[in-house]
Each structure stands twice: as C-alpha cells, then as structure tokens.
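Participant: This one is start.pdb, PDB, C-alpha atoms.
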```pdb
ATOM      1  CA  MET A   1       8.493  19.297 103.687
ATOM      2  CA  GLY A   2       9.893  19.446 107.217
ATOM      3  CA  PRO A   3      13.390  18.737 108.465
ATOM      4  CA  ARG A   4      15.534  16.035 106.910
ATOM      5  CA  ALA A   5      15.644  12.708 108.703
ATOM      6  CA  PRO A   6      18.934  12.038 110.531
ATOM      7  CA  PHE A   7      20.585   9.132 108.722
ATOM      8  CA  SER A   8      24.128   7.910 109.160
ATOM      9  CA  LEU A   9      26.111   5.389 107.168
ATOM     10  CA  VAL A  10      27.494   2.341 108.930
ATOM     11  CA  GLU A  11      29.788  -0.456 107.885
ATOM     12  CA  PHE A  12      28.337  -3.965 107.801
ATOM     13  CA  ALA A  13      29.347  -6.075 110.775
ATOM     14  CA  ALA A  14      28.550  -9.781 110.935
ATOM     15  CA  PRO A  15      26.559 -11.028 113.941
ATOM     16  CA  VAL A  16      28.646 -11.469 117.078
ATOM     17  CA  ASP A  17      27.310 -15.004 117.599
ATOM     18  CA  GLN A  18      28.855 -16.855 114.652
ATOM     19  CA  LEU A  19      27.545 -20.096 113.156
ATOM     20  CA  ASP A  20      29.830 -23.141 113.264
ATOM     21  CA  GLU A  21      29.597 -26.937 113.230
ATOM     22  CA  GLN A  22      28.308 -27.042 116.825
ATOM     23  CA  TYR A  23      25.746 -24.213 116.294
ATOM     24  CA  PRO A  24      24.737 -24.352 112.602
ATOM     25  CA  ILE A  25      21.289 -22.702 112.727
ATOM     26  CA  ARG A  26      20.611 -18.942 112.961
ATOM     27  CA  LEU A  27      17.764 -18.236 115.408
ATOM     28  CA  THR A  28      15.906 -14.981 114.997
ATOM     29  CA  THR A  29      13.335 -13.719 117.470
ATOM     30  CA  GLY A  30      10.375 -11.422 117.166
ATOM     31  CA  ARG A  31       6.649 -10.985 117.532
ATOM     32  CA  ARG A  32       3.776 -12.948 116.104
ATOM     33  CA  LEU A  33       0.985 -11.113 114.333
ATOM     34  CA  ASP A  34      -1.618 -11.668 117.061
ATOM     35  CA  ASP A  35       0.446 -10.553 120.070
ATOM     36  CA  TYR A  36       2.037  -7.309 121.128
ATOM     37  CA  ASN A  37       5.452  -7.505 122.813
ATOM     38  CA  THR A  38       5.223  -9.930 125.746
ATOM     39  CA  GLY A  39       1.465 -10.304 125.347
ATOM     40  CA  VAL A  40       0.542  -8.278 128.438
ATOM     41  CA  GLN A  41      -1.884  -6.161 126.415
ATOM     42  CA  THR A  42      -3.199  -8.938 124.180
ATOM     43  CA  VAL A  43      -3.116 -12.246 126.102
ATOM     44  CA  ARG A  44      -6.602 -11.722 127.596
ATOM     45  CA  TYR A  45      -8.159 -11.498 124.132
ATOM     46  CA  VAL A  46      -9.034 -14.495 122.000
ATOM     47  CA  SER A  47      -7.373 -14.577 118.599
ATOM     48  CA  PRO A  48      -7.963 -17.181 115.894
ATOM     49  CA  LEU A  49      -4.256 -16.824 115.033
ATOM     50  CA  ARG A  50      -2.895 -17.544 118.514
ATOM     51  CA  ARG A  51      -1.442 -20.980 119.091
ATOM     52  CA  ARG A  52       1.078 -22.598 121.390
ATOM     53  CA  GLU A  53       4.580 -21.252 120.847
ATOM     54  CA  ALA A  54       6.834 -23.445 118.733
ATOM     55  CA  LEU A  55      10.219 -23.338 117.055
ATOM     56  CA  ASP A  56       9.577 -22.499 113.413
ATOM     57  CA  VAL A  57      11.998 -24.141 110.975
ATOM     58  CA  SER A  58      12.016 -24.659 107.230
ATOM     59  CA  PRO A  59      10.631 -27.952 105.918
ATOM     60  CA  GLU A  60      14.118 -28.620 104.502
ATOM     61  CA  ASP A  61      15.693 -28.350 107.973
ATOM     62  CA  GLY A  62      12.901 -30.521 109.344
ATOM     63  CA  ALA A  63      13.829 -33.209 106.830
ATOM     64  CA  GLN A  64      17.577 -32.806 107.439
ATOM     65  CA  TYR A  65      17.144 -33.238 111.198
ATOM     66  CA  GLN A  66      14.458 -35.932 110.719
ATOM     67  CA  LEU A  67      11.854 -33.945 112.650
ATOM     68  CA  GLN A  68       8.104 -34.311 112.697
ATOM     69  CA  GLU A  69       5.797 -31.322 113.042
ATOM     70  CA  GLY A  70       4.758 -30.993 116.695
ATOM     71  CA  GLU A  71       7.715 -33.048 117.934
ATOM     72  CA  GLU A  72       9.580 -31.525 120.867
ATOM     73  CA  VAL A  73      13.213 -30.590 120.316
ATOM     74  CA  ARG A  74      15.980 -29.139 122.433
ATOM     75  CA  VAL A  75      17.224 -25.786 121.159
ATOM     76  CA  THR A  76      20.676 -24.925 122.531
ATOM     77  CA  SER A  77      22.772 -21.789 122.189
ATOM     78  CA  ARG A  78      26.075 -20.869 123.805
ATOM     79  CA  ARG A  79      24.070 -19.367 126.695
ATOM     80  CA  GLY A  80      21.252 -21.759 127.409
ATOM     81  CA  SER A  81      18.868 -24.450 126.315
ATOM     82  CA  LEU A  82      15.113 -24.973 126.115
ATOM     83  CA  VAL A  83      12.584 -27.483 124.823
ATOM     84  CA  ALA A  84       9.918 -26.485 122.293
ATOM     85  CA  PRO A  85       7.690 -28.181 119.738
ATOM     86  CA  VAL A  86       8.604 -27.833 116.060
ATOM     87  CA  ARG A  87       6.454 -26.185 113.422
ATOM     88  CA  PHE A  88       7.403 -26.094 109.738
ATOM     89  CA  ASP A  89       7.235 -22.728 107.993
ATOM     90  CA  VAL A  90       7.721 -22.637 104.229
ATOM     91  CA  ALA A  91       8.556 -18.916 104.476
ATOM     92  CA  LEU A  92      11.818 -19.682 106.312
ATOM     93  CA  ARG A  93      14.949 -20.434 104.356
ATOM     94  CA  PRO A  94      17.039 -23.448 105.391
ATOM     95  CA  GLY A  95      19.406 -22.591 108.227
ATOM     96  CA  LEU A  96      17.062 -20.028 109.813
ATOM     97  CA  ALA A  97      14.721 -20.669 112.765
ATOM     98  CA  PHE A  98      12.242 -18.405 114.573
ATOM     99  CA  LEU A  99      10.889 -18.135 118.129
ATOM    100  CA  SER A 100       8.680 -15.377 119.479
ATOM    101  CA  VAL A 101       9.321 -13.547 122.733
ATOM    102  CA  HIS A 102       5.655 -13.431 123.809
ATOM    103  CA  ASP A 103       5.194 -16.142 126.395
ATOM    104  CA  HIS A 104       8.167 -16.827 128.650
ATOM    105  CA  ASP A 105       6.136 -19.474 130.530
ATOM    106  CA  GLN A 106       5.648 -21.525 127.346
ATOM    107  CA  VAL A 107       9.093 -21.026 125.800
ATOM    108  CA  ALA A 108      11.810 -18.953 127.497
ATOM    109  CA  THR A 109      13.282 -17.620 124.241
ATOM    110  CA  ASN A 110      15.538 -15.017 125.845
ATOM    111  CA  GLU A 111      17.440 -17.764 127.675
ATOM    112  CA  LEU A 112      19.092 -18.393 124.297
ATOM    113  CA  THR A 113      19.840 -14.867 123.111
ATOM    114  CA  ILE A 114      23.069 -12.920 123.353
ATOM    115  CA  ASP A 115      23.513  -9.656 125.248
ATOM    116  CA  ALA A 116      25.609  -8.017 122.514
ATOM    117  CA  VAL A 117      24.486  -4.571 121.357
ATOM    118  CA  ASP A 118      25.107  -2.473 118.289
ATOM    119  CA  PRO A 119      27.784   0.069 119.248
ATOM    120  CA  LYS A 120      26.127   2.925 117.315
ATOM    121  CA  SER A 121      22.419   2.453 118.071
ATOM    122  CA  GLY A 122      22.572   0.469 121.319
ATOM    123  CA  THR A 123      20.067  -2.016 119.859
ATOM    124  CA  SER A 124      20.271  -5.530 121.301
ATOM    125  CA  GLU A 125      21.322  -8.326 118.965
ATOM    126  CA  PHE A 126      18.339 -10.610 119.642
ATOM    127  CA  LYS A 127      17.939 -11.310 115.935
ATOM    128  CA  ALA A 128      21.046 -13.394 115.372
ATOM    129  CA  THR A 129      21.663 -16.245 117.807
ATOM    130  CA  ALA A 130      23.586 -19.353 116.757
ATOM    131  CA  VAL A 131      21.783 -22.524 117.910
ATOM    132  CA  ARG A 132      21.611 -26.244 117.375
ATOM    133  CA  ILE A 133      18.479 -28.397 117.300
ATOM    134  CA  GLU A 134      18.362 -31.891 118.790
ATOM    135  CA  LYS A 135      15.623 -34.451 119.226
ATOM    136  CA  VAL A 136      14.482 -34.786 122.845
TER     137      VAL A 136
END
```
Would it be possible to restate this file's structure as structure tokens?

Facilitator:
Amino acid sequence: MGPRAPFSLVEFAAPVDQLDEQYPIRLTTGRRLDDYNTGVQTVRYVSPLRRREALDVSPEDGAQYQLQEGEEVRVTSRRGSLVAPVRFDVALRPGLAFLSVHDHDQVATNELTIDAVDPKSGTSEFKATAVRIEKV
C-alpha cells in the first residue's frame, strides 16, 4: 500500500482579482496540447495542432461583444494590456476566456496576470485574472 498521501483541508477563497463592470471576463491561462511550458522543448517540432496564439472566448461572448473570429482585440487587466486575435471555443462557458503561456513573442500573456499566491501552497494565481475585451 505505501504511506498515506499528505492531504490538508482548506477553506475556499475567491480569486484575489475580482470581476466587476470594468473587468467582467475571467481569463485563465495554461498550456495547449501541442506545446510544453514555454515551448522551448517543442517549438522546433512541427505539430498539426499548433497555430498562432489567440484569445479563446465562448461564441456567446463573441456575439455579445460583436466579435468576428480572427479579429484582433485588446485584452486589458488591472496590470497590463495586449492585442490578440479572437478564436471561438464552444468548450468555454460565457464569461471565461483562455490564453496560453507558450509564446511570449506572439502574445505576452503574463503581462496581464496577477502576482498573488496561495498562502498555503505558494502556487501563483495565474488562473484567475479579471479582464475586459475591446475591439482594436
């Protein structure tokens, strides 16, 4: 069997970066299937899944903001702003957007994220940034 895994209970805490009228969209960051971390180990290899980085939003948010797929938008958080093309993703719920952290030269995602950390684990809160989306 082996030793028991060390688990500890924690109380739920809402993200530090709260949504409001000025920043109504929750941006989450992560990796895409075809890249590993920043792409250093995978960028030299051709992948049929790899494409230019884009801000993924739900089709419902695309309609609400009157966006067209491929159109460039300004994504702004309380810390920074960047321009990225839009891609609709039916897997995203309205109010949630996604950017990867793979290619800083294409889209500097971490310019938007907060430097808050979980007090127990020390994990950065890159998964919950409040942003707004505007047509360029």

Participant: CA of Ser124 (chain A) and CA of Phe12 (chain A) are how many Å apart?

Facilitator: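 Those two atoms sit 15.8 Å apart.
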
Participant: Let me make sure I understand: among A:Ala5, A:Ala108, A:Leu96, A:Ile114, which one has the smallest atom-to-atom distance to Ser81 (chain A) if we use all atoms listed in the file?

Facilitator: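 Of all the options, A:Ala108 lies closest to Ser81 (chain A).
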
Participant: Quick one: which residues end up in the PyMOL selection byres ((chain A and resi 116) around 10) for this structure, as JSON, numbers by chain?

Facilitator: {"A": [15, 16, 17, 113, 114, 115, 117, 118, 119, 122, 123, 124, 125, 126]}

Participant: Which is closest to Ser58 (chain A) among A:Arg26, A:Arg93, A:Arg79, A:Arg4, if we use all atoms listed in the file?

Facilitator: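 Smallest separation from Ser58 (chain A) among the options: A:Arg93.
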
Participant: With only C-alpha atoms as the atoms that count, which of A:Glu60, A:Glu111, A:Glu72, A:Arg31 lies nearest to Phe88 (chain A)?

Facilitator: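 With only C-alpha atoms as the atom set, the closest residue is A:Glu60.
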
Participant: When the PyMOL selection byres ((chain A and resi 78) around 8) is applied to the file above, which residues end up in the set, as an MDAnalysis selection string?

Facilitator: chainID A and resid 76:77 79:80 112 130:131

Participant: Can you work out which one of A:Met1, A:Ala97, A:Val90, A:Ala54 has the shortest atom-to-atom distance to Leu27 (chain A), counting all atoms listed in the file?

Facilitator: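 Going through A:Met1, A:Ala97, A:Val90, A:Ala54 one by one, the smallest distance to Leu27 (chain A) is for A:Ala97.
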
Participant: Using all atoms listed in the file for the distances, tell me which of A:Ala14, A:Leu67, A:Val73, A:Val83 is nearest to Lys127 (chain A).

Facilitator: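 Closest residue, counting all atoms listed in the file: A:Ala14.
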
Participant: Rounded to one decimal place, report the CA of Glu21 (chain A)-CA of Asp61 (chain A) distance in Å.

Facilitator: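 If I compute the distance from CA of Glu21 (chain A) to CA of Asp61 (chain A), I get 14.9 Å.
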
Participant: How far is it from CA of Gly62 (chain A) to CA of Asp89 (chain A), in Å with one decimal?

Facilitator: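 Computed distance, CA of Gly62 (chain A) to CA of Asp89 (chain A), equals 9.7 Å.
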
Participant: Which one is closest to Thr29 (chain A): A:Asn110, A:Ser8, A:Gln68, A:Ser100? Count all atoms listed in the file.

Facilitator: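 The shortest atom-to-atom distance to Thr29 (chain A) comes from A:Ser100.
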